[in-house]
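S.K.: After the structure tokens below, expect a handful of questions from me.
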Amino acid sequence: MTDTVRNTIYFAFVAALIIGTGFVQSWNTALFVLNFGLISAIMALGVNLQWGFAGLFNVGIMGFVALGGLATVLVSMPPVPQAWNDGGMGIIASLALGAATIVGAVIAYAKMKPGRVRGLVIAAILIVGFFVYRAVFDPAVAAIEAVDPAATGYLGGLGLPVVVAWPVGGLLAAGVAWMIGKTALGLRSDYLAIATLGISEIIIAVMKNEDWMARGVKNVVGLPRPAPYEIDLQNSASFVERASGLGLDPVTASTLWVKVIYAGLFTTVLVVLFVMAQRALHSPWGRMMRAIRDNEFAAEAMGKNVTARHLQVFVLGSAICGIAGAMMTTLDGQLTPGTYQPLRFTFLIWVMVIVGGSGNNLGAVLGGFLIWWLWVMVEPMGLTVMNFITAGMPDGSALKEHLIDSAAHMRLLTMGLVLLLVLRFSPRGLIPEK
């Protein structure tokens with residue numbers, strides 16, 4: 001069997017699973033799976049760029065996805081004028097003071113001779129700068145968060161179209177990845193994993209606690225959309241007429257049409273990123289990255305700057321995850337920092353890459369769709385199976401209740417089982433790297 005035929009069978013099987021979901025459950029559910037599968041495939045592409053191309057073990061995917069979600073708020077939400085009047089300039093001034101403090105410490109480190117005096121000067125700059133920064137920052141935050149805290153209590157955004165937030169989310173994630181990479185990529189891979197995991201948790205903690213920035217755990221709801229609202233479609237005479245012609249009621253037709261629009265936008269982004277990733281893979285740069293991955297010492301002996309190349313691919317992969325995070329928040333219509341969990345946004349993405357085929361972009365896309373379908377569908381399927389198994393048991397049976405309650409854990413069991421089976425029978429993934 002040729003690779004093309006095998007890959008076609010794989011994708012046809014995944015398509016059959018999604019279409020079957022539409023027939024068995026509902027087309028709303030099928031389109032939900034499709035849309036989040038597209039986003040998951042983009043995340044898997046970003047991780048595959050880091051791990052499959054360069055062997056970088058990034059355990060902080062969740063943080064870069066969250067930064068994309070934050071960018072959606074900062075770009076698309078309208079500004080809150082009262083908050084800007086009360087504390088906006090104070091926030092800008094304090095951030096400038098914080099940056100100036102760091103720059104001052106760096107200049108002192110570079111210009112002064114090593115020794116005790118340099119250490120004392122740097123410490124003095126950092127301590128004084130910190131207290132000055134907090135003296136400006138804290139009153140500004142208090143003033144902003146006091147502005148109608150039940151509805152706003154934050155600065156808002158720039159009021160730009162929400163699609164603009166997608167590349168901005170990539171840029172924001174890329175900027176943070178650059179700062180992480182400059183400090184951690186020169187270390188061993190396990191230190192990089194620790195650094196990315198820790199900074200990811202720091203990002204989520206900041207988003208949860210800094211209400212002035214994006215309302216923290218109060219959440220930002222009502223994000224602008226690139227698709228029309230369902231109620232507007234239901235009030236459109238022409239749309240209602242077209243829906244009736246297809247035998248659909250306006251409510252169902254409007255929800256399906258909105259999901260189809262999102263699917264078209266997400267598919268466009270996935271195709272563009274996939275083509276770019278494929279061109280990168282088969283370019284001299286891609287061959288160089290794989291050579292560095294396979295033998296860093298040999299590549300370094302050939303004159304390649306391994307750390308600089310690792311930084312490049314780490315930034316690019318994180319940017320793709322940031323774009324996916326912005327798309328996901330747009331689809332949700334709200335930013336909820338409390339929902340960013342490592343299990344969903346780090347572990348699951350890694351399973352997608354490993355199952356699909358590390359080092360193969362097509363495999364990453366396949367893994368994104370397949371694992372996401374399993375993640376969504378296994379729990380209700382498990383509940384059905386448990387109800388069937390326990391049908392003959394008497395009501396009130398402790399064993400029956402335990403088995404039915406355990407259906408919620410079928411997701412984790414299935415992910416572990418799929419991972420074990422793939423590693424046993426196809427250790428390089430379903431579509432292995434050539």
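We name chains A, B, ... following the order of the structure tokens; residues begin at 1 in each chain, and ligands are numbered from 1 as shown.
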Might you pull out every residue within 10 Å of range 191-196 of chain A, with only C-alpha atoms counted and same-chain residues fewer than 2 positions away left off, and present them as a PyMOL selection string?
M.R.: chain A and resi 56-64+177+180-181+183-189+198-202
S.K.: Could you give me, as an MDAnalysis selection string, the residues within 12 Å of Ile261 in chain A, counting only C-alpha atoms and dropping anything in the same chain fewer than 5 positions from it?
M.R.: chainID A and resid 31:32 34:35 225:230 254:256 266:268 331
S.K.: What's around range 375-377 of chain A at 10 Å? Count only C-alpha atoms, leave out sequence neighbours fewer than 3 positions away in its own chain, and write the answer as a list in words.
M.R.: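 Everything that qualifies: Leu17, Thr21, Thr29, Phe32, Val33, Phe36, Arg344, Leu348, Phe369, Leu370, Ile371, Trp372, Pro380, Met381, Gly382, Met410, Arg411, Leu412, Thr414 and Met415 of chain A.
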S.K.: Once you have the residues from the selection above, write them out as a short mmCIF file (atom, residue, chain, number, x, y, z; two decimals), in the first residue's frame, restricted to C-alpha atoms.
M.R.:
```
data_model
loop_
_atom_site.label_atom_id
_atom_site.label_comp_id
_atom_site.auth_asym_id
_atom_site.auth_seq_id
_atom_site.Cartn_x
_atom_site.Cartn_y
_atom_site.Cartn_z
CA LEU A 17 -16.31 9.59 12.20
CA THR A 21 -21.53 11.97 14.50
CA THR A 29 -22.27 18.36 17.41
CA PHE A 32 -18.50 21.52 16.92
CA VAL A 33 -16.09 18.59 16.64
CA PHE A 36 -12.30 22.39 17.48
CA ARG A 344 -6.42 19.82 27.73
CA LEU A 348 -3.72 16.29 24.75
CA PHE A 369 -8.73 15.53 14.33
CA LEU A 370 -8.64 11.91 15.54
CA ILE A 371 -7.70 12.57 19.16
CA TRP A 372 -10.12 15.48 19.48
CA PRO A 380 -20.95 9.74 26.13
CA MET A 381 -20.09 6.48 24.38
CA GLY A 382 -18.65 5.16 27.64
CA MET A 410 -13.25 6.94 30.00
CA ARG A 411 -11.52 9.87 28.30
CA LEU A 412 -8.31 9.41 30.24
CA THR A 414 -8.93 5.90 26.14
CA MET A 415 -6.13 8.44 25.67
#
```
S.K.: Just the residues within 8 Å of Leu126 in chain A, please, counting only C-alpha atoms, with nothing from its chain fewer than 6 positions along; format it as a list in words.
M.R.: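 These residues fall inside the cut-off: Thr101, Ile102 and Ala105 of chain A.
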S.K.: If you count only C-alpha atoms, which residues fall within 7 Å of Gly55 in chain A, apart from same-chain ones fewer than 4 positions away, as a PyMOL selection string?
M.R.: chain A and resi 50-51+293
S.K.: Which residues come within 12 Å of Val272 in chain A, counting only C-alpha atoms, excluding same-chain residues fewer than 6 positions away, as a list in words?
M.R.: Ile42, Leu45, Leu265, Phe266, Gln278, Arg279 and Ile320 of chain A
S.K.: Next, dump the selected residues to file, keeping only N, CA, C and O atoms, as an mmCIF file, in the first residue's frame.
M.R.:
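See out.cif below for the written result:
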```
data_model
loop_
_atom_site.group_PDB
_atom_site.id
_atom_site.type_symbol
_atom_site.label_atom_id
_atom_site.label_comp_id
_atom_site.auth_asym_id
_atom_site.auth_seq_id
_atom_site.Cartn_x
_atom_site.Cartn_y
_atom_site.Cartn_z
ATOM 1 N N ILE A 42 -4.140 22.832 14.277
ATOM 2 C CA ILE A 42 -3.198 23.962 14.198
ATOM 3 C C ILE A 42 -2.243 23.932 15.393
ATOM 4 O O ILE A 42 -1.033 24.144 15.244
ATOM 5 N N LEU A 45 0.269 21.299 14.797
ATOM 6 C CA LEU A 45 1.270 21.752 13.829
ATOM 7 C C LEU A 45 2.364 22.563 14.517
ATOM 8 O O LEU A 45 3.552 22.400 14.227
ATOM 9 N N LEU A 265 -13.384 29.665 7.872
ATOM 10 C CA LEU A 265 -12.269 30.520 8.303
ATOM 11 C C LEU A 265 -11.131 29.686 8.876
ATOM 12 O O LEU A 265 -9.956 29.896 8.532
ATOM 13 N N PHE A 266 -11.458 28.742 9.743
ATOM 14 C CA PHE A 266 -10.420 27.923 10.388
ATOM 15 C C PHE A 266 -9.708 27.031 9.369
ATOM 16 O O PHE A 266 -8.499 26.814 9.466
ATOM 17 N N GLN A 278 4.963 22.845 5.370
ATOM 18 C CA GLN A 278 5.506 21.889 4.406
ATOM 19 C C GLN A 278 6.672 22.485 3.615
ATOM 20 O O GLN A 278 7.689 21.824 3.381
ATOM 21 N N ARG A 279 6.516 23.741 3.224
ATOM 22 C CA ARG A 279 7.606 24.394 2.495
ATOM 23 C C ARG A 279 8.837 24.531 3.387
ATOM 24 O O ARG A 279 9.977 24.363 2.928
ATOM 25 N N ILE A 320 2.354 29.788 16.303
ATOM 26 C CA ILE A 320 1.229 29.024 15.754
ATOM 27 C C ILE A 320 0.256 28.636 16.862
ATOM 28 O O ILE A 320 -0.965 28.712 16.692
#
```
S.K.: Could you go through range 192-306 of chain A and tell me which residues DSSP, when run on the backbone, assigns to helix (DSSP H, G or I), listing them as number ranges by chain?
M.R.: A: 192-209, 211-214, 216-218, 230-234, 237-245, 250-281, 284-294, 296-301, 306
S.K.: Identify which of the residues A:Met276, A:Leu281, A:Leu316, A:Met386 lies closest to Ile404 in chain A, counting only C-alpha atoms when measuring atom-to-atom distances.
M.R.: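 That would be A:Met386, the residue with the smallest distance to Ile404 in chain A.
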S.K.: So that I can see what lies close to range 164-169 of chain A, please list as a ChimeraX atom specification the residues with an atom at most 7 Å from it, counting only C-alpha atoms and leaving out residues fewer than 2 positions away in the same chain.
M.R.: /A:67-68,71-72,75-76,160-162,171-173,322-323,326-327
S.K.: Find the distance between CA of Gly153 in chain A and CA of Asp211 in chain A and write it in Å to one decimal.
M.R.: 6.9 Å
S.K.: Between CA of Glu241 in chain A and CA of Gly22 in chain A, what is the distance, to one decimal in Å?
M.R.: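 So the two atoms, CA of Glu241 in chain A and CA of Gly22 in chain A, lie 23.5 Å apart.
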